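S.K.: Data file model_0.txt (compact mmCIF, C-alpha atoms) is appended below.
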```txt
# COMPACT_ATOMS: atom_id res chain seq x y z
CA MET I 1 -30.04 -11.04 -36.66
CA LEU I 2 -26.61 -9.89 -37.87
CA GLY I 3 -25.31 -10.66 -34.40
CA PHE I 4 -21.91 -11.41 -35.92
CA LEU I 5 -21.57 -7.69 -36.67
CA ARG I 6 -21.84 -6.73 -33.00
CA LYS I 7 -18.70 -5.70 -31.19
CA PRO I 8 -17.73 -8.12 -28.42
CA LYS I 9 -18.71 -6.83 -24.99
CA LYS I 10 -15.87 -5.20 -23.09
CA ARG I 11 -15.39 -6.52 -19.59
CA LEU I 12 -12.88 -5.94 -16.83
CA CYS I 13 -12.10 -8.03 -13.73
CA VAL I 14 -10.16 -6.94 -10.64
CA ILE I 15 -8.95 -9.09 -7.74
CA GLY I 16 -7.82 -7.28 -4.60
CA LEU I 17 -5.58 -8.90 -1.99
CA ASP I 18 -5.71 -6.61 1.00
CA GLY I 19 -2.27 -5.74 2.35
CA VAL I 20 -0.25 -8.27 0.34
CA PRO I 21 3.16 -6.71 -0.29
CA TYR I 22 5.01 -6.96 -3.59
CA SER I 23 8.07 -8.35 -1.80
CA LEU I 24 6.11 -11.16 -0.13
CA LEU I 25 4.25 -12.00 -3.34
CA ARG I 26 7.58 -12.46 -5.08
CA VAL I 27 8.60 -14.97 -2.38
CA LEU I 28 5.31 -16.89 -2.45
CA THR I 29 5.32 -17.19 -6.23
CA GLU I 30 8.95 -18.25 -6.41
CA ASP I 31 8.80 -20.88 -3.65
CA GLY I 32 5.75 -22.68 -5.05
CA THR I 33 3.20 -21.54 -2.47
CA MET I 34 1.11 -19.65 -5.06
CA PRO I 35 1.47 -21.44 -8.43
CA ALA I 36 -1.47 -19.74 -10.11
CA MET I 37 -0.13 -16.33 -9.22
CA ALA I 38 3.31 -17.47 -10.41
CA GLU I 39 1.85 -18.37 -13.80
CA LEU I 40 0.23 -14.96 -14.04
CA CYS I 41 3.57 -13.34 -13.24
CA ALA I 42 5.24 -15.42 -15.94
CA HIS I 43 2.74 -14.14 -18.52
CA GLY I 44 2.34 -10.59 -17.24
CA HIS I 45 3.94 -7.82 -15.26
CA LEU I 46 4.16 -7.62 -11.46
CA ARG I 47 4.94 -4.12 -10.19
CA SER I 48 5.49 -2.54 -6.80
CA MET I 49 3.18 0.39 -6.17
CA LYS I 50 2.93 3.30 -3.77
CA VAL I 51 -0.32 4.12 -2.01
CA THR I 52 -1.74 7.27 -0.49
CA LEU I 53 -0.87 8.31 3.06
CA PRO I 54 -1.68 7.28 5.72
CA GLU I 55 -0.97 3.78 4.43
CA ILE I 56 -4.19 2.18 5.74
CA SER I 57 -7.11 0.52 4.00
CA ALA I 58 -9.68 3.22 4.72
CA VAL I 59 -7.55 5.75 2.84
CA SER I 60 -5.97 3.50 0.21
CA TRP I 61 -9.12 1.73 -0.96
CA THR I 62 -11.01 5.03 -1.09
CA SER I 63 -8.17 6.46 -3.19
CA PHE I 64 -8.37 3.42 -5.45
CA MET I 65 -12.11 3.56 -5.98
CA THR I 66 -12.24 7.31 -6.58
CA GLY I 67 -8.93 7.86 -8.37
CA THR I 68 -8.22 10.77 -6.01
CA GLY I 69 -6.27 11.40 -2.81
CA PRO I 70 -7.55 12.29 0.67
CA GLY I 71 -7.48 16.02 -0.08
CA THR I 72 -10.20 15.37 -2.65
CA HIS I 73 -12.16 12.37 -1.39
CA GLY I 74 -12.07 13.54 2.24
CA ILE I 75 -11.10 10.33 4.08
CA PHE I 76 -7.93 10.66 6.17
CA GLY I 77 -8.20 7.61 8.44
CA PHE I 78 -10.47 5.05 10.12
CA ILE I 79 -11.21 7.84 12.56
CA ASP I 80 -11.32 11.54 11.70
CA LEU I 81 -12.03 14.77 13.52
CA LYS I 82 -15.38 16.46 13.45
CA PRO I 83 -14.88 19.79 11.63
CA GLY I 84 -13.61 22.49 13.99
CA SER I 85 -13.51 20.08 16.91
CA LYS I 86 -11.23 17.61 18.67
CA GLU I 87 -14.09 15.13 18.85
CA THR I 88 -13.48 12.05 16.73
CA ARG I 89 -15.87 10.20 14.45
CA PHE I 90 -15.84 7.14 12.22
CA PRO I 91 -16.20 8.24 8.59
CA SER I 92 -18.35 6.01 6.38
CA PHE I 93 -19.04 5.58 2.68
CA ARG I 94 -21.46 8.50 2.97
CA ASP I 95 -18.51 10.79 3.72
CA VAL I 96 -16.68 10.12 0.45
CA GLN I 97 -16.89 13.46 -1.33
CA VAL I 98 -16.47 12.39 -4.97
CA PRO I 99 -17.98 9.71 -7.25
CA THR I 100 -16.42 6.26 -7.36
CA LEU I 101 -15.26 4.39 -10.43
CA TRP I 102 -18.51 2.40 -10.35
CA ASP I 103 -20.57 5.60 -10.17
CA ARG I 104 -18.82 6.91 -13.28
CA LEU I 105 -19.23 3.60 -15.10
CA GLY I 106 -22.91 3.62 -14.19
CA GLN I 107 -23.30 7.05 -15.80
CA LYS I 108 -22.10 5.35 -18.99
CA SER I 109 -24.71 2.59 -18.60
CA LYS I 110 -22.11 0.05 -17.51
CA LYS I 111 -22.85 -2.32 -14.67
CA SER I 112 -20.47 -3.25 -11.86
CA VAL I 113 -20.32 -6.07 -9.35
CA VAL I 114 -18.21 -5.16 -6.30
CA ILE I 115 -17.72 -7.77 -3.56
CA ASN I 116 -16.13 -7.14 -0.16
CA GLN I 117 -14.77 -3.70 -0.99
CA PRO I 118 -13.52 -2.09 2.25
CA SER I 119 -14.77 1.38 3.20
CA THR I 120 -18.06 1.09 1.30
CA TYR I 121 -20.37 0.77 4.31
CA PRO I 122 -23.22 1.41 4.33
CA ALA I 123 -23.69 0.20 0.76
CA ARG I 124 -25.22 2.78 -1.52
CA PRO I 125 -26.93 2.22 -4.87
CA ILE I 126 -24.76 1.60 -7.92
CA GLN I 127 -25.56 0.31 -11.38
CA GLY I 128 -25.12 -3.33 -10.44
CA VAL I 129 -24.24 -5.02 -7.13
CA LEU I 130 -22.29 -3.81 -4.11
CA VAL I 131 -21.54 -5.93 -1.04
CA SER I 132 -19.55 -3.87 1.48
CA GLY I 133 -16.38 -5.10 3.11
CA PHE I 134 -15.09 -4.07 6.53
CA VAL I 135 -16.06 -2.16 8.54
CA ALA I 136 -19.60 -3.45 7.84
CA LEU I 137 -21.55 -3.60 11.10
CA ASP I 138 -24.92 -4.83 9.83
CA LEU I 139 -25.29 -7.12 6.82
CA ARG I 140 -28.67 -5.58 6.04
CA LYS I 141 -26.96 -2.25 5.35
CA ALA I 142 -24.02 -3.81 3.51
CA VAL I 143 -25.88 -5.13 0.47
CA PHE I 144 -27.25 -3.45 -2.63
CA PRO I 145 -29.65 -4.37 -4.08
CA ALA I 146 -31.52 -5.66 -1.04
CA ARG I 147 -32.95 -8.60 -3.03
CA LEU I 148 -29.60 -10.36 -2.51
CA LEU I 149 -29.84 -10.23 1.26
CA PRO I 150 -31.83 -13.50 1.73
CA ASP I 151 -29.19 -15.37 -0.30
CA LEU I 152 -26.36 -13.96 1.83
CA LYS I 153 -28.17 -14.81 5.05
CA ARG I 154 -28.82 -18.34 3.84
CA MET I 155 -25.10 -18.88 3.18
CA ASN I 156 -24.18 -17.29 6.56
CA TYR I 157 -22.08 -14.74 4.72
CA GLU I 158 -19.59 -12.85 6.92
CA THR I 159 -18.03 -9.54 5.93
CA ASP I 160 -14.98 -10.05 8.17
CA ILE I 161 -13.54 -12.15 10.95
CA ASP I 162 -13.82 -11.16 14.61
CA THR I 163 -10.54 -9.24 14.72
CA GLN I 164 -10.50 -8.82 18.50
CA ARG I 165 -10.91 -12.55 19.05
CA ALA I 166 -8.31 -13.30 16.37
CA ARG I 167 -5.65 -11.31 18.25
CA ALA I 168 -5.82 -13.76 21.14
CA ASP I 169 -7.03 -16.98 19.49
CA GLN I 170 -4.88 -18.02 16.55
CA ASP I 171 -6.75 -21.30 16.03
CA TYR I 172 -9.92 -19.26 15.57
CA LEU I 173 -8.05 -16.94 13.21
CA VAL I 174 -6.98 -19.75 10.90
CA GLN I 175 -10.42 -21.36 10.86
CA SER I 176 -12.21 -18.08 10.20
CA LEU I 177 -9.81 -17.10 7.44
CA HIS I 178 -10.90 -20.15 5.48
CA SER I 179 -14.60 -19.78 6.28
CA THR I 180 -14.71 -16.15 5.13
CA LEU I 181 -12.78 -17.09 1.97
CA GLU I 182 -15.41 -19.74 1.29
CA GLY I 183 -18.04 -17.05 1.76
CA ARG I 184 -16.42 -14.94 -0.96
CA ARG I 185 -16.33 -18.00 -3.23
CA ALA I 186 -20.01 -18.76 -2.60
CA LEU I 187 -20.99 -15.18 -3.35
CA VAL I 188 -18.98 -15.17 -6.58
CA ASP I 189 -20.74 -18.44 -7.53
CA LEU I 190 -24.10 -16.80 -6.88
CA ILE I 191 -23.48 -13.60 -8.82
CA TRP I 192 -21.05 -14.44 -11.64
CA ASP I 193 -23.61 -15.62 -14.21
CA LYS I 194 -26.80 -14.47 -12.50
CA GLU I 195 -26.00 -10.76 -12.79
CA GLU I 196 -25.12 -8.89 -15.96
CA TRP I 197 -21.89 -6.91 -15.56
CA ASP I 198 -19.14 -5.03 -17.33
CA TYR I 199 -16.86 -4.63 -14.29
CA PHE I 200 -16.33 -7.31 -11.65
CA GLN I 201 -14.26 -6.85 -8.49
CA VAL I 202 -13.70 -9.03 -5.45
CA VAL I 203 -11.40 -8.24 -2.50
CA ILE I 204 -9.87 -10.74 -0.07
CA THR I 205 -9.23 -9.13 3.32
CA GLY I 206 -8.05 -12.25 5.15
CA THR I 207 -4.56 -11.65 3.81
CA ASP I 208 -4.35 -8.45 5.84
CA ARG I 209 -5.62 -10.24 8.94
CA VAL I 210 -3.18 -13.15 8.77
CA GLN I 211 -0.29 -10.74 8.30
CA HIS I 212 -1.26 -8.60 11.28
CA TYR I 213 -1.56 -11.58 13.61
CA LEU I 214 0.76 -14.24 12.15
CA TRP I 215 3.38 -12.37 10.13
CA ASN I 216 6.19 -14.19 11.93
CA ALA I 217 4.79 -17.55 10.84
CA ILE I 218 5.21 -16.82 7.12
CA ALA I 219 8.98 -17.24 6.99
CA ASP I 220 9.68 -19.16 10.22
CA THR I 221 9.43 -22.86 9.34
CA ALA I 222 9.57 -23.75 13.06
CA HIS I 223 6.56 -21.56 13.90
CA PRO I 224 3.58 -23.68 15.03
CA PHE I 225 1.34 -21.90 12.50
CA HIS I 226 3.79 -21.86 9.58
CA GLN I 227 2.04 -24.60 7.62
CA ALA I 228 -1.41 -23.20 8.42
CA VAL I 229 -0.45 -19.78 7.10
CA ARG I 230 1.08 -21.25 3.94
CA GLN I 231 -2.07 -23.32 3.41
CA TYR I 232 -4.14 -20.16 3.61
CA TYR I 233 -2.06 -18.48 0.89
CA ARG I 234 -2.48 -21.64 -1.21
CA ALA I 235 -6.25 -21.38 -0.72
CA VAL I 236 -6.15 -17.74 -1.82
CA ASP I 237 -4.12 -18.82 -4.85
CA ARG I 238 -6.75 -21.42 -5.77
CA PHE I 239 -9.41 -18.74 -5.47
CA ILE I 240 -7.42 -16.55 -7.88
CA ALA I 241 -7.09 -19.48 -10.31
CA GLU I 242 -10.85 -20.06 -10.23
CA ILE I 243 -11.61 -16.42 -10.99
CA VAL I 244 -9.07 -16.32 -13.81
CA GLU I 245 -10.47 -19.48 -15.41
CA ARG I 246 -14.01 -18.18 -15.17
CA TYR I 247 -13.03 -14.86 -16.61
CA TRP I 248 -11.24 -16.41 -19.56
CA LYS I 249 -14.42 -18.27 -20.41
CA LYS I 250 -16.57 -15.17 -20.06
CA ALA I 251 -14.33 -12.58 -21.70
CA GLY I 252 -12.66 -14.88 -24.24
CA LYS I 253 -9.24 -16.39 -23.68
CA GLU I 254 -7.57 -14.05 -26.15
CA LYS I 255 -8.76 -10.97 -24.29
CA GLY I 256 -9.16 -12.39 -20.80
CA LEU I 257 -5.70 -11.59 -19.52
CA THR I 258 -5.48 -8.09 -20.95
CA SER I 259 -8.59 -7.03 -19.00
CA LEU I 260 -7.67 -8.78 -15.74
CA PHE I 261 -5.89 -6.90 -12.94
CA LEU I 262 -4.73 -7.71 -9.41
CA LEU I 263 -3.61 -5.31 -6.69
CA SER I 264 -3.12 -4.66 -3.00
CA ASP I 265 -3.89 -1.50 -1.07
CA HIS I 266 -0.64 -1.29 0.92
CA GLY I 267 2.44 -3.30 1.78
CA PHE I 268 3.34 -5.12 4.99
CA THR I 269 6.32 -5.79 7.21
CA GLY I 270 7.09 -7.11 10.69
CA ILE I 271 6.81 -4.96 13.82
CA THR I 272 9.75 -4.20 16.11
CA ARG I 273 8.06 -1.64 18.37
CA GLU I 274 4.97 0.52 18.58
CA PHE I 275 5.92 4.20 18.39
CA ASN I 276 3.45 6.24 20.45
CA LEU I 277 3.33 9.70 18.92
CA ASN I 278 1.31 11.37 21.68
CA ALA I 279 3.70 10.08 24.34
CA TRP I 280 6.60 11.46 22.28
CA LEU I 281 4.85 14.84 21.87
CA ARG I 282 4.38 15.00 25.66
CA GLN I 283 8.00 14.03 26.25
CA GLU I 284 9.16 16.81 23.94
CA GLY I 285 6.92 19.41 25.59
CA TYR I 286 4.39 19.81 22.78
CA GLN I 287 1.45 18.32 24.69
CA ARG I 288 -0.03 18.31 28.17
CA LEU I 289 -3.09 16.44 29.42
CA GLU I 290 -5.44 17.87 32.00
CA GLN I 291 -7.05 14.44 32.57
CA ALA I 292 -4.55 11.69 33.34
CA THR I 293 -6.91 8.68 33.49
CA GLU I 294 -8.54 7.63 30.21
CA PRO I 295 -7.86 10.99 28.54
CA ARG I 296 -9.56 12.18 25.37
CA LEU I 297 -8.40 14.80 22.91
CA GLN I 298 -10.80 17.19 24.59
CA ASP I 299 -8.65 16.81 27.73
CA LEU I 300 -5.63 18.44 26.09
CA SER I 301 -4.62 21.58 27.91
CA PRO I 302 -5.07 24.77 25.86
CA ASP I 303 -1.29 25.25 25.78
CA SER I 304 -0.76 21.89 24.04
CA ARG I 305 0.75 22.59 20.64
CA ALA I 306 0.17 19.24 18.89
CA PHE I 307 -1.60 15.90 19.12
CA ALA I 308 -1.70 12.71 17.06
CA LEU I 309 -4.33 10.37 15.61
CA ASP I 310 -3.86 6.82 14.38
CA PRO I 311 -1.93 5.73 12.58
CA ASN I 312 0.69 8.46 11.98
CA ARG I 313 -1.04 11.83 11.77
CA ILE I 314 0.01 14.93 13.71
CA TYR I 315 -2.32 17.91 14.10
CA PHE I 316 -1.26 21.29 15.39
CA ASN I 317 -3.52 22.87 18.00
CA ARG I 318 -4.19 25.82 15.72
CA LYS I 319 -6.30 28.81 16.65
CA ASP I 320 -7.65 28.98 13.10
CA ARG I 321 -9.02 25.44 13.47
CA PHE I 322 -9.86 24.60 17.09
CA GLN I 323 -11.31 26.29 20.15
CA ASP I 324 -9.04 26.49 23.20
CA ALA I 325 -6.01 26.36 20.93
CA CYS I 326 -2.66 28.11 21.13
CA VAL I 327 -0.78 27.82 17.81
CA GLU I 328 -0.88 31.00 15.74
CA THR I 329 -0.83 30.79 11.95
CA GLU I 330 2.57 32.44 11.77
CA GLU I 331 4.02 29.76 14.10
CA ILE I 332 3.14 26.83 11.84
CA GLY I 333 6.37 26.97 9.83
CA THR I 334 8.51 26.96 12.97
CA ILE I 335 6.68 24.13 14.72
CA THR I 336 6.70 22.09 11.49
CA GLN I 337 10.47 22.42 11.23
CA GLU I 338 11.03 21.71 14.94
CA ILE I 339 8.93 18.56 15.08
CA SER I 340 10.20 17.27 11.74
CA GLU I 341 13.85 17.67 12.69
CA LYS I 342 13.35 16.04 16.08
CA LEU I 343 11.47 13.10 14.59
CA LEU I 344 14.07 12.52 11.89
CA ALA I 345 16.79 12.50 14.57
CA LEU I 346 14.90 10.10 16.87
CA LEU I 347 16.65 6.80 17.62
CA CYS I 348 15.48 3.61 19.29
CA LYS I 349 18.36 1.43 20.47
CA GLY I 350 20.59 3.20 18.00
CA GLU I 351 18.25 2.80 15.03
CA PRO I 352 16.50 5.68 13.25
CA VAL I 353 12.74 5.50 13.73
CA VAL I 354 11.33 8.02 11.24
CA ARG I 355 12.00 7.81 7.53
CA GLU I 356 10.27 10.98 6.40
CA VAL I 357 7.88 13.65 7.64
CA PHE I 358 5.40 15.00 5.10
CA ARG I 359 3.58 18.31 5.29
CA CYS I 360 -0.09 18.08 4.41
CA ALA I 361 0.25 20.77 1.75
CA ASP I 362 3.03 18.80 0.03
CA ILE I 363 1.15 15.53 -0.41
CA TYR I 364 -2.53 16.50 -0.57
CA SER I 365 -4.50 18.72 -2.91
CA GLY I 366 -8.19 19.43 -3.26
CA PRO I 367 -11.10 20.97 -1.38
CA CYS I 368 -10.75 18.74 1.73
CA VAL I 369 -7.10 19.55 2.52
CA ALA I 370 -8.06 21.83 5.41
CA HIS I 371 -9.61 18.84 7.22
CA GLY I 372 -6.43 16.78 7.05
CA PRO I 373 -3.48 16.51 9.44
CA ASP I 374 -0.62 18.98 9.45
CA LEU I 375 2.04 16.26 9.30
CA ILE I 376 2.25 12.60 8.27
CA VAL I 377 5.03 10.62 9.96
CA LEU I 378 6.41 7.85 7.75
CA THR I 379 8.41 5.44 9.90
CA HIS I 380 11.11 2.95 9.02
CA SER I 381 9.96 -0.65 8.73
CA GLY I 382 9.25 -2.13 12.13
CA TYR I 383 8.17 1.03 13.96
CA ASP I 384 4.38 1.21 13.96
CA ALA I 385 3.30 4.81 14.65
CA LYS I 386 0.18 5.07 16.80
CA GLY I 387 -1.95 7.86 18.25
CA ASN I 388 -3.07 6.22 21.49
CA LEU I 389 -3.39 8.87 24.23
CA LEU I 390 -3.30 6.25 26.99
CA LYS I 391 0.29 5.15 26.36
CA ASN I 392 2.92 6.93 28.44
CA ASP I 393 5.99 5.24 27.00
CA VAL I 394 7.26 6.34 23.60
CA PHE I 395 8.12 2.78 22.54
CA THR I 396 6.04 -0.21 23.61
CA GLU I 397 5.58 -3.87 22.75
CA THR I 398 2.50 -5.04 20.85
CA ASP I 399 0.65 -8.30 20.30
CA LEU I 400 0.46 -7.52 16.58
CA GLN I 401 3.18 -9.07 14.43
CA GLY I 402 2.79 -7.10 11.19
CA MET I 403 2.30 -3.46 10.15
CA HIS I 404 1.47 -1.61 6.96
CA THR I 405 4.00 -0.06 4.58
CA TRP I 406 3.66 2.72 2.03
CA ASP I 407 5.60 1.71 -1.06
CA ASP I 408 5.45 -2.08 -1.22
CA ALA I 409 1.91 -2.63 -2.50
CA PHE I 410 1.64 -4.61 -5.74
CA PHE I 411 -0.12 -4.30 -9.09
CA TRP I 412 -0.33 -7.03 -11.72
CA SER I 413 -1.41 -6.56 -15.31
CA ALA I 414 -0.88 -8.46 -18.55
CA GLU I 415 0.48 -5.36 -20.25
CA PRO I 416 3.48 -3.38 -18.97
CA VAL I 417 2.91 -0.14 -17.06
CA ASP I 418 5.58 2.49 -17.54
CA GLY I 419 6.80 5.01 -14.97
CA ASP I 420 5.98 5.39 -11.30
CA LEU I 421 2.66 3.87 -10.29
CA THR I 422 0.36 4.87 -7.45
CA ILE I 423 -2.99 3.47 -6.39
CA THR I 424 -4.80 6.65 -7.48
CA ASP I 425 -3.83 5.97 -11.12
CA LEU I 426 -5.89 2.82 -11.49
CA ALA I 427 -9.51 4.02 -11.58
CA ALA I 428 -8.91 6.25 -14.62
CA ARG I 429 -7.01 3.42 -16.32
CA PHE I 430 -9.90 1.00 -15.79
CA GLU I 431 -12.48 3.56 -16.86
CA ARG I 432 -10.61 4.22 -20.10
CA PHE I 433 -10.38 0.51 -20.76
CA LEU I 434 -14.16 0.11 -20.56
CA SER I 435 -15.01 3.26 -22.53
```
Can the structure from this file be put into structure tokens for me?

M.R.:
Amino acid sequence: MLGFLRKPKKRLCVIGLDGVPYSLLRVLTEDGTMPAMAELCAHGHLRSMKVTLPEISAVSWTSFMTGTGPGTHGIFGFIDLKPGSKETRFPSFRDVQVPTLWDRLGQKSKKSVVINQPSTYPARPIQGVLVSGFVALDLRKAVFPARLLPDLKRMNYETDIDTQRARADQDYLVQSLHSTLEGRRALVDLIWDKEEWDYFQVVITGTDRVQHYLWNAIADTAHPFHQAVRQYYRAVDRFIAEIVERYWKKAGKEKGLTSLFLLSDHGFTGITREFNLNAWLRQEGYQRLEQATEPRLQDLSPDSRAFALDPNRIYFNRKDRFQDACVETEEIGTITQEISEKLLALLCKGEPVVREVFRCADIYSGPCVAHGPDLIVLTHSGYDAKGNLLKNDVFTETDLQGMHTWDDAFFWSAEPVDGDLTITDLAARFERFLS
């Protein structure tokens, strides 16, 4: 009774395209590969966006879903150090130190559906539905609520492709990209009308995978996988079109676009060389290994002054942080300046390798800053900074074709967004929209 007096329900829909750079999206929309995305761009605003550092999914997606940086949410990479130790560990969703956007919406009695969100494993309860994205090791622990698990098993739902196999088998890569995309579509079909929701989000991670392994095929028309890669982007575009059409019907065509958003978590570019930070630190006299075969960080000699973790993090071997360390607190300023200047002067075949070196204190804030690296090394496009202790050469070849970038992520919205935009801005924006 008097239903016509009720306010229409506010809804919000987000589509994530893992790793798709703004620059590439411009190309794919202008050359006809992604017509649905091109239409959105014609009726909305496509922006480039910076992400948090390091520019990897574990950090960027956590920054997106919490609206905070690593110094607050506590995730600095796919691997992190155990506190006070040089032992490494794989942080999980349990290690995120602050509530997510969906937690905050749930406190306001709003329900969320979140599909294939990276760095949410193991899935934890939210008001609504959460299906974890990579790295999800066991489907049983990747689904909340558990009542959805039989449906996912029945559809042979996969959270990700076999990335190790994909590096060597490009035919498998292409086939699995499409099969996992179909899995996302089937899950959306299952949940869209069955579950009540205020916020709906789905992330496609295959875009990141195809760019890591077949980046060269995107532009090279003579590449044997050029057409296959373009067909995959067309399939992603059709998926976007389906979501948009569904959302218009659910939210109302007049309001559908204004509450629809698309984004990526970092940019992408081609790789020229891998840049092995630990090998460089040894070459410059900042590191020495006591164990030469299959060394671990625990095998650093006590007089080592610095070491690196993937992808581009440098830690000083500080006495106030580690046992068997040698760097005094008063030396930190000097070693920071030394390493920064040397990195900024580093050349490879006459080309500069490092674009900028950031101090932790300059880019992070919050209660977790002390657990972060001392330096972040931002390289020029093409030089993929790595922390592999096993590599002895500073520059090496790689079987990967693409690498992440910091400031070429994208954000699309119907309404213009003024000023500089970073991925940490979005959660608060979405929360305000639904309040």

S.K.: Find, counting all atoms listed in the file, the residue in I:Val129, I:Ile332, I:Val236, I:Cys41 that gets nearest to Ser413 of chain I.

M.R.: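 Using all atoms listed in the file, Ser413 of chain I sits closest to I:Cys41.
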
S.K.: Atom CA of Ala361 of chain I and atom CA of Asp320 of chain I are how many Å apart?

M.R.: 16.1 Å

S.K.: Considering all atoms listed in the file, return as an mmCIF file with C-alpha atoms, keeping the file's coordinate frame whatever protein or nucleic-acid residues lie within 7 Å of segment 362-374 of chain I, sequence-local ones (same chain, fewer than 3 positions apart) excluded.

M.R.:
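Listing of part12.cif after writing:
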```
data_model
loop_
_atom_site.group_PDB
_atom_site.id
_atom_site.type_symbol
_atom_site.label_atom_id
_atom_site.label_comp_id
_atom_site.auth_asym_id
_atom_site.auth_seq_id
_atom_site.Cartn_x
_atom_site.Cartn_y
_atom_site.Cartn_z
ATOM 1 C CA GLY I 69 -6.270 11.400 -2.810
ATOM 2 C CA PRO I 70 -7.550 12.290 0.670
ATOM 3 C CA GLY I 71 -7.480 16.020 -0.080
ATOM 4 C CA THR I 72 -10.200 15.370 -2.650
ATOM 5 C CA GLY I 74 -12.070 13.540 2.240
ATOM 6 C CA PHE I 76 -7.930 10.660 6.170
ATOM 7 C CA PRO I 83 -14.880 19.790 11.630
ATOM 8 C CA ARG I 313 -1.040 11.830 11.770
ATOM 9 C CA ILE I 314 0.010 14.930 13.710
ATOM 10 C CA TYR I 315 -2.320 17.910 14.100
ATOM 11 C CA PHE I 316 -1.260 21.290 15.390
ATOM 12 C CA PHE I 358 5.400 15.000 5.100
ATOM 13 C CA ARG I 359 3.580 18.310 5.290
#
```

S.K.: So what do you get for atom CA of Asp138 of chain I versus atom CA of Gln164 of chain I, distance-wise?

M.R.: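 Separation of atom CA of Asp138 of chain I and atom CA of Gln164 of chain I: 17.3 Å.
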
S.K.: Would you please work out which residue, of I:Gly44, I:Pro91, I:Gly285, I:Gly133, is nearest to Pro416 of chain I when using all atoms listed in the file?

M.R.: I:Gly44

S.K.: Between I:Gly16, I:Pro352, I:Pro295, I:Pro99, which one has atoms that come closest to Phe200 of chain I, using only C-alpha atoms?

M.R.: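 The shortest atom-to-atom distance to Phe200 of chain I comes from I:Gly16.
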
S.K.: Could you rebuild segment 394-409 of chain I with N, CA and C atoms and give me the result as a PDB file, in the frame of the given file?

M.R.:
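Output contents, as saved in out_3.pdb:
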```pdb
ATOM      1  N   VAL I 394       7.137   6.041  25.033  1.00  0.00           N
ATOM      2  CA  VAL I 394       7.260   6.340  23.600  1.00  0.00           C
ATOM      3  C   VAL I 394       7.303   5.062  22.779  1.00  0.00           C
ATOM      4  N   PHE I 395       8.026   4.047  23.254  1.00  0.00           N
ATOM      5  CA  PHE I 395       8.120   2.780  22.540  1.00  0.00           C
ATOM      6  C   PHE I 395       7.562   1.668  23.423  1.00  0.00           C
ATOM      7  N   THR I 396       6.660   0.876  22.861  1.00  0.00           N
ATOM      8  CA  THR I 396       6.040  -0.210  23.610  1.00  0.00           C
ATOM      9  C   THR I 396       5.973  -1.465  22.750  1.00  0.00           C
ATOM     10  N   GLU I 397       5.795  -2.591  23.436  1.00  0.00           N
ATOM     11  CA  GLU I 397       5.580  -3.870  22.750  1.00  0.00           C
ATOM     12  C   GLU I 397       4.126  -3.942  22.293  1.00  0.00           C
ATOM     13  N   THR I 398       3.857  -4.855  21.358  1.00  0.00           N
ATOM     14  CA  THR I 398       2.500  -5.040  20.850  1.00  0.00           C
ATOM     15  C   THR I 398       2.252  -6.512  20.585  1.00  0.00           C
ATOM     16  N   ASP I 399       0.973  -6.919  20.633  1.00  0.00           N
ATOM     17  CA  ASP I 399       0.650  -8.300  20.300  1.00  0.00           C
ATOM     18  C   ASP I 399       0.432  -8.485  18.801  1.00  0.00           C
ATOM     19  N   LEU I 400       0.485  -7.399  18.039  1.00  0.00           N
ATOM     20  CA  LEU I 400       0.460  -7.520  16.580  1.00  0.00           C
ATOM     21  C   LEU I 400       1.851  -7.895  16.081  1.00  0.00           C
ATOM     22  N   GLN I 401       1.898  -8.652  14.997  1.00  0.00           N
ATOM     23  CA  GLN I 401       3.180  -9.070  14.430  1.00  0.00           C
ATOM     24  C   GLN I 401       3.528  -8.334  13.140  1.00  0.00           C
ATOM     25  N   GLY I 402       2.533  -7.759  12.467  1.00  0.00           N
ATOM     26  CA  GLY I 402       2.790  -7.100  11.190  1.00  0.00           C
ATOM     27  C   GLY I 402       2.176  -5.720  11.138  1.00  0.00           C
ATOM     28  N   MET I 403       2.772  -4.829  10.325  1.00  0.00           N
ATOM     29  CA  MET I 403       2.300  -3.460  10.150  1.00  0.00           C
ATOM     30  C   MET I 403       2.316  -3.084   8.677  1.00  0.00           C
ATOM     31  N   HIS I 404       1.579  -2.046   8.344  1.00  0.00           N
ATOM     32  CA  HIS I 404       1.470  -1.610   6.960  1.00  0.00           C
ATOM     33  C   HIS I 404       2.713  -0.843   6.497  1.00  0.00           C
ATOM     34  N   THR I 405       2.943  -0.871   5.182  1.00  0.00           N
ATOM     35  CA  THR I 405       4.000  -0.060   4.580  1.00  0.00           C
ATOM     36  C   THR I 405       3.431   0.705   3.392  1.00  0.00           C
ATOM     37  N   TRP I 406       4.133   1.756   3.020  1.00  0.00           N
ATOM     38  CA  TRP I 406       3.660   2.720   2.030  1.00  0.00           C
ATOM     39  C   TRP I 406       3.972   2.327   0.586  1.00  0.00           C
ATOM     40  N   ASP I 407       5.153   1.843   0.331  1.00  0.00           N
ATOM     41  CA  ASP I 407       5.600   1.710  -1.060  1.00  0.00           C
ATOM     42  C   ASP I 407       5.913   0.281  -1.466  1.00  0.00           C
ATOM     43  N   ASP I 408       5.234  -0.692  -0.853  1.00  0.00           N
ATOM     44  CA  ASP I 408       5.450  -2.080  -1.220  1.00  0.00           C
ATOM     45  C   ASP I 408       4.140  -2.778  -1.554  1.00  0.00           C
ATOM     46  N   ALA I 409       3.115  -2.016  -1.947  1.00  0.00           N
ATOM     47  CA  ALA I 409       1.910  -2.630  -2.500  1.00  0.00           C
ATOM     48  C   ALA I 409       2.263  -3.222  -3.864  1.00  0.00           C
TER      49      ALA I 409
END
```
